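Visitor: Here you go, one structure.
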Amino acid sequence: MPVEPNPYLLGNFAPVPTETTSTHLEVIGEIPEQLEGRLLRIGPNPLDQPAPDHHWFLGTGLAHGVRLRGGRAEWYRSRLVRSPDVSARLGEEPVPDPWPADHGVFSANTNIIGHAGRTWALVEAGSPPLELDDGLDTVAVSDFDGTLPRAYTAHPKRDPSTGDLHAVAYWWGWGNKVQYLVLDGEGRISRTVDVDVTGGPMIHDTSITENHIAVMDLPCVFDIEMATAGRQLPYRWDPDYPARIGWLDRTGPEGVVHWFEVDPCYIFHPLNSHETDDGRIVLDAVRHPKMFDTFLVGPDEGPPRLERWTFDLNSGRVSEETVDDRPQEFPRLREDLVGLPYRYGYSVASGAHLEPGALLKHDLSRGTTTEHTGAPGRHHMEAVFVPRDDTDHSPGAEDDGWLMAYTYEAESDSSSVVIVDARDMSAPPVAEIRLGTRVPYGFHGNWCPD
Ligand SMILES: [Fe+2]
């Protein structure tokens with residue numbers, strides 16, 4: 001059903017017309033000298049004029065990067081992610097592609113990560129990762145050196161104790177199963193476990209604990225009628241589908257899943273989860289009331305809020321409480337606490353259609369939230385936390401570091417990267433790097449240190 005006008009084609013949701021390379025970037029303030037690496041980000045950037053019912057989740061990936069070194073911003077680049085169809089559209093030689101012609105490879109647009117000394121653009125739903133070089137040019141369609149069975153995900157979780165990436169992948173062609181995958185430190189799949197689910201759920205993300213990984217079997221599911229009608233994103237809310245969250249024992253060999261029925265909702269993004277000494281798992285995540293029920297061009301089915309679920313693995317009971325009810329998305333934390341007890345989470349306040357606003361810092365011990373609003377009219381995209389000292393794991397050091405975020409200002413119709421002291425959210429950014437162009441609201445990014 002077309003929506004007029006489609007909000008995901010307006011303002012800073014709209015695509016930019018060109019790739020960019022800038023080596024002269026205006027910097028306000030001082031970039032901390034120890035930040036050496038690339039701040040990467042990615043989102044959809046449709047190449048051709050999209051139809052009015054265009055879905056925000058579709059469209060060629062446009063990867064963005066800002067390189068920092070020695071207190072300087074060396075460059076900003078944006079590059080289209082060249083799947084074979086994109087190369088053909090641009091009149092270029094295609095990059096190497098190890099998959100059979102009928103695999104269904106499309107341009108990855110959802111997340112961009114550094115792992116095993118390499119850079120990958122990631123997407124879900126059956127299309128493989130694409131490998132990029134340090135300057136964000138596409139190198140190849142990836143199958144993780146021949147080890148990826150079929151589908152991957154945009155949201156692997158790095159276990160800080162091993163460096164392995166843990167993921168749950170889905171693909172409509174698998175029917176009632178999804179797959180747990182471990183990617184090792186060499187960038188090769190080292191373990192796969194098939195998990196039975198009720199139907200064909202869209203599983204966008206997962207969360208890990210020391211021993212478990214979450215399987216979000218929630219009621220946004222593959223819809224054969226939409227697929228037959230040619231919808232490119234054939235997933236829809238099904239009120240009759242049981243809402244379940246499963247915890248797969250990822251350390252044991254048997255692939256045992258502890259399933260819990262939960263109140264119907266949809267979760268794109270967990271913040272974090274951890275185990276307690278008395279056999280419970282605590283999960284913090286952004287909860288949407290529904291997904292793709294009445295609004296079919298993007299995620300807009302009521303305000304998303306930060307919620308905490310507590311799963312008792314002994315009694316099989318689950319409880320749910322609201323942590324913060326202001327609309328928000330894109331939760332992150334200090335990455336070396338993934339799967340472990342933690343105190344601070346960061347997210348982005350959301351307006352209509354998930355248009356981003358202020359940065360939020362949640363103190364989960366005190367139950368308080370502070371904001372960084374920045375300059376008037378500034379919209380902050382997903383923030384990444386970078387610790388000042390990544391070897392200092394004392395509790396007092398958890399929030400000692402910086403939040404780094406791409407931003408957008410409508411007045412100048414341009415974007416910046418801001419670096420905010422996470423301990424002083426009310427202060428202006430310690431540095432702002434003006435990019436001289438705009439970065440469309442997209443999805444995810446990461447800090448890739450040298
Ligand atoms: Fe996501």
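Residue numbering restarts at 1 in every chain; chains get A, B, ... in the order shown in the structure tokens, and ligands count up from 1 in that same order.
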Let me have all residues with an atom within 7 Å of ligand 1, counting only C-alpha atoms and all ligand atoms, laid out as a list of chain:residue names.

Guide: A:Thr110, A:Ala154, A:His155, A:His204, A:Asp205, A:Phe268, A:His269, A:Phe443, A:His444

Visitor: With N, CA and C atoms retained, export the selected residues as an mmCIF file, in the first residue's frame.

Guide:
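Output file result39.cif follows:
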data_model
loop_
_atom_site.group_PDB
_atom_site.id
_atom_site.type_symbol
_atom_site.label_atom_id
_atom_site.label_comp_id
_atom_site.auth_asym_id
_atom_site.auth_seq_id
_atom_site.Cartn_x
_atom_site.Cartn_y
_atom_site.Cartn_z
ATOM 1 N N THR A 110 23.451 -2.504 5.803
ATOM 2 C CA THR A 110 22.916 -2.439 7.160
ATOM 3 C C THR A 110 23.965 -2.235 8.246
ATOM 4 N N ALA A 154 23.407 -8.872 9.754
ATOM 5 C CA ALA A 154 24.050 -7.563 9.903
ATOM 6 C C ALA A 154 24.539 -7.328 11.322
ATOM 7 N N HIS A 155 24.189 -8.217 12.258
ATOM 8 C CA HIS A 155 24.465 -7.943 13.675
ATOM 9 C C HIS A 155 25.127 -9.103 14.401
ATOM 10 N N HIS A 204 16.521 -9.727 13.179
ATOM 11 C CA HIS A 204 17.454 -8.676 12.793
ATOM 12 C C HIS A 204 18.753 -8.721 13.590
ATOM 13 N N ASP A 205 18.665 -9.122 14.846
ATOM 14 C CA ASP A 205 19.818 -8.968 15.735
ATOM 15 C C ASP A 205 19.751 -10.069 16.780
ATOM 16 N N PHE A 268 14.290 -4.939 17.160
ATOM 17 C CA PHE A 268 15.411 -4.881 16.221
ATOM 18 C C PHE A 268 16.728 -5.030 16.986
ATOM 19 N N HIS A 269 16.873 -4.268 18.089
ATOM 20 C CA HIS A 269 18.196 -4.105 18.684
ATOM 21 C C HIS A 269 18.231 -4.300 20.188
ATOM 22 N N PHE A 443 21.818 3.236 9.048
ATOM 23 C CA PHE A 443 21.612 2.260 10.107
ATOM 24 C C PHE A 443 22.741 2.221 11.135
ATOM 25 N N HIS A 444 23.875 1.643 10.762
ATOM 26 C CA HIS A 444 24.847 1.318 11.807
ATOM 27 C C HIS A 444 26.271 1.674 11.432
#

Visitor: Do you know which residues are at most 7 Å from A:Val95 counting only C-alpha atoms, after dropping those on the same chain fewer than 4 positions away, and could you put them as a PyMOL selection string?

Guide: chain A and resi 84+139-141

Visitor: Considering only C-alpha atoms, return as a ChimeraX atom specification whatever protein or nucleic-acid residues lie within 7 Å of A:Trp447, sequence-local ones (same chain, fewer than 5 positions apart) excluded.

Guide: /A:38-40,384

Visitor: Determine, counting only C-alpha atoms, which protein, DNA and RNA residues have an atom within 10 Å of an atom of A:Gly298; residues of the same chain fewer than 4 positions away are not included. Present the result as an MDAnalysis selection string.

Guide: chainID A and resid 6:8 53:58 291:292 353:354

Visitor: Create the file for the chosen residues now, containing C-alpha atoms and written as a CSV table (one decimal), in the first residue's frame.

Guide:
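Heads up, here's the output in part21.csv:
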chain,number,residue,atom,x,y,z
A,6,ASN,CA,6.9,8.4,1.7
A,7,PRO,CA,8.9,9.9,4.7
A,8,TYR,CA,11.9,7.7,3.9
A,53,ASP,CA,6.1,2.5,-1.7
A,54,HIS,CA,9.9,2.2,-1.4
A,55,HIS,CA,11.0,0.5,1.9
A,56,TRP,CA,13.7,2.2,3.9
A,57,PHE,CA,15.5,-1.1,4.4
A,58,LEU,CA,16.1,-1.5,0.7
A,291,MET,CA,6.4,-4.2,13.2
A,292,PHE,CA,5.1,-3.9,9.6
A,353,HIS,CA,9.7,7.4,11.5
A,354,LEU,CA,12.8,7.0,13.7

Visitor: What is the distance, in Å and to one decimal place, between atom CA of A:Met404 and atom CA of A:Arg67?

Guide: 12.5 Å

Visitor: Residues of stretch 262-356 of chain A that approach stretch 218-225 of chain A to 8 Å or less, counting only C-alpha atoms: could you list each one with the shortest pair of atoms and its distance in Å to one decimal, rows by chain and increasing residue number, as a Markdown table?

Guide:
| residue | atom | partner | partner_atom | distance |
| --- | --- | --- | --- | --- |
| A:Pro264 | CA | A:Pro219 | CA | 7.1 |
| A:Cys265 | CA | A:Leu218 | CA | 7.0 |
| A:Tyr266 | CA | A:Leu218 | CA | 6.2 |
| A:Ile267 | CA | A:Leu218 | CA | 7.9 |
| A:Lys290 | CA | A:Cys220 | CA | 7.9 |
| A:Met291 | CA | A:Cys220 | CA | 6.2 |
| A:Phe292 | CA | A:Cys220 | CA | 7.1 |

Visitor: Based on DSSP run over this structure's backbone, return all residues of stretch 267-403 of chain A in strand (DSSP E), as a VMD selection string.

Guide: chain A and resid 270 to 275 280 to 287 305 to 312 318 to 324 328 to 332 344 to 350 356 to 363 368 to 372 378 to 380 384 to 387 401 to 403

Visitor: Between A:Gly445, A:Gly367, A:Pro376, A:Gly71, which has the minimum distance to A:Pro428 (counting only C-alpha atoms)?

Guide: A:Pro376

Visitor: Run DSSP on the backbone and give me the residues of stretch 14-208 of chain A it puts in alpha helix (DSSP H), as a ChimeraX atom specification.

Guide: /A:84-90

Visitor: Those selected residues, please, written with N, CA and C atoms and delivered as a PDB file, in the first residue's frame.

Guide:
ATOM      1  N   PRO A  84      27.235  -7.410  -7.635  1.00  0.00           N
ATOM      2  CA  PRO A  84      27.279  -7.494  -9.103  1.00  0.00           C
ATOM      3  C   PRO A  84      26.239  -6.613  -9.799  1.00  0.00           C
ATOM      4  N   ASP A  85      25.034  -6.501  -9.222  1.00  0.00           N
ATOM      5  CA  ASP A  85      24.008  -5.672  -9.864  1.00  0.00           C
ATOM      6  C   ASP A  85      24.387  -4.193  -9.836  1.00  0.00           C
ATOM      7  N   VAL A  86      25.064  -3.764  -8.775  1.00  0.00           N
ATOM      8  CA  VAL A  86      25.478  -2.358  -8.689  1.00  0.00           C
ATOM      9  C   VAL A  86      26.596  -2.083  -9.689  1.00  0.00           C
ATOM     10  N   SER A  87      27.561  -3.025  -9.799  1.00  0.00           N
ATOM     11  CA  SER A  87      28.630  -2.847 -10.795  1.00  0.00           C
ATOM     12  C   SER A  87      28.038  -2.745 -12.192  1.00  0.00           C
ATOM     13  N   ALA A  88      27.070  -3.616 -12.504  1.00  0.00           N
ATOM     14  CA  ALA A  88      26.449  -3.576 -13.827  1.00  0.00           C
ATOM     15  C   ALA A  88      25.747  -2.236 -14.054  1.00  0.00           C
ATOM     16  N   ARG A  89      25.050  -1.771 -13.029  1.00  0.00           N
ATOM     17  CA  ARG A  89      24.330  -0.499 -13.136  1.00  0.00           C
ATOM     18  C   ARG A  89      25.292   0.661 -13.370  1.00  0.00           C
ATOM     19  N   LEU A  90      26.521   0.556 -12.795  1.00  0.00           N
ATOM     20  CA  LEU A  90      27.519   1.617 -12.938  1.00  0.00           C
ATOM     21  C   LEU A  90      28.407   1.412 -14.160  1.00  0.00           C
TER      22      LEU A  90
END

Visitor: Can you pull out the residues contacting A:Ala214? Cut-off 9 Å, using only C-alpha atoms, and skip same-chain residues under 6 positions away; I want them as a PDB file with N, CA and C atoms, in the first residue's frame.

Guide:
ATOM      1  N   VAL A 168      23.002 -14.903  14.602  1.00  0.00           N
ATOM      2  CA  VAL A 168      21.853 -15.716  14.194  1.00  0.00           C
ATOM      3  C   VAL A 168      21.425 -15.224  12.814  1.00  0.00           C
ATOM      4  N   ASP A 205      18.665  -9.122  14.846  1.00  0.00           N
ATOM      5  CA  ASP A 205      19.818  -8.968  15.735  1.00  0.00           C
ATOM      6  C   ASP A 205      19.751 -10.069  16.780  1.00  0.00           C
ATOM      7  N   THR A 206      20.753 -10.109  17.624  1.00  0.00           N
ATOM      8  CA  THR A 206      20.781 -11.074  18.711  1.00  0.00           C
ATOM      9  C   THR A 206      21.489 -10.439  19.894  1.00  0.00           C
ATOM     10  N   SER A 207      21.635 -11.212  20.974  1.00  0.00           N
ATOM     11  CA  SER A 207      22.348 -10.745  22.151  1.00  0.00           C
ATOM     12  C   SER A 207      23.005 -11.954  22.770  1.00  0.00           C
ATOM     13  N   ILE A 208      24.185 -11.769  23.360  1.00  0.00           N
ATOM     14  CA  ILE A 208      24.853 -12.915  23.973  1.00  0.00           C
ATOM     15  C   ILE A 208      25.053 -12.700  25.464  1.00  0.00           C
ATOM     16  N   ILE A 245      11.230 -15.729  22.843  1.00  0.00           N
ATOM     17  CA  ILE A 245      12.674 -15.493  22.838  1.00  0.00           C
ATOM     18  C   ILE A 245      13.330 -16.749  23.376  1.00  0.00           C
ATOM     19  N   GLY A 246      14.271 -17.280  22.618  1.00  0.00           N
ATOM     20  CA  GLY A 246      14.975 -18.485  23.036  1.00  0.00           C
ATOM     21  C   GLY A 246      16.409 -18.157  23.414  1.00  0.00           C
ATOM     22  N   TRP A 247      16.923 -18.880  24.409  1.00  0.00           N
ATOM     23  CA  TRP A 247      18.343 -18.749  24.778  1.00  0.00           C
ATOM     24  C   TRP A 247      19.029 -20.055  24.445  1.00  0.00           C
ATOM     25  N   LEU A 248      19.830 -20.015  23.388  1.00  0.00           N
ATOM     26  CA  LEU A 248      20.579 -21.192  22.942  1.00  0.00           C
ATOM     27  C   LEU A 248      21.853 -21.299  23.783  1.00  0.00           C
TER      28      LEU A 248
END

Visitor: A:Asn45, A:Thr276, A:Ser142, A:Thr147: which is nearest A:Asn109, counting only C-alpha atoms?

Guide: A:Asn45

Visitor: Which one of A:Pro98, A:Pro449, A:Gly374, A:Gly43 sits closest to A:Val16 if you count only C-alpha atoms?

Guide: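 Distance minimum relative to A:Val16 lands on A:Gly43.
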
Visitor: When you look at A:Gly279 with a cut-off of 12 Å (counting only C-alpha atoms), what residues show up, excluding the ones that are within fewer than 6 positions of it in the same chain? I need them as a list in words.

Guide: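 Contacts, with the query itself left out: Thr209, Asn211, His212, Thr310, Phe311, Asp312, Leu313, Asn314, Ser315, Gly316 and Arg317 of chain A.
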
Visitor: Please identify all polymer residues within 7 Å of stretch 388-400 of chain A, counting only C-alpha atoms, omitting same-chain residues fewer than 3 positions from it, and present them as a list in words.

Guide: Tyr344, Ala422 and Arg423 of chain A

Visitor: Could you please take those selected residues and save C-alpha atoms as a CSV table (one decimal), in the first residue's frame?

Guide:
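Listing of selection-v2.csv after writing:
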chain,number,residue,atom,x,y,z
A,344,TYR,CA,25.9,2.3,31.0
A,422,ALA,CA,30.7,10.4,27.7
A,423,ARG,CA,31.1,11.6,31.2
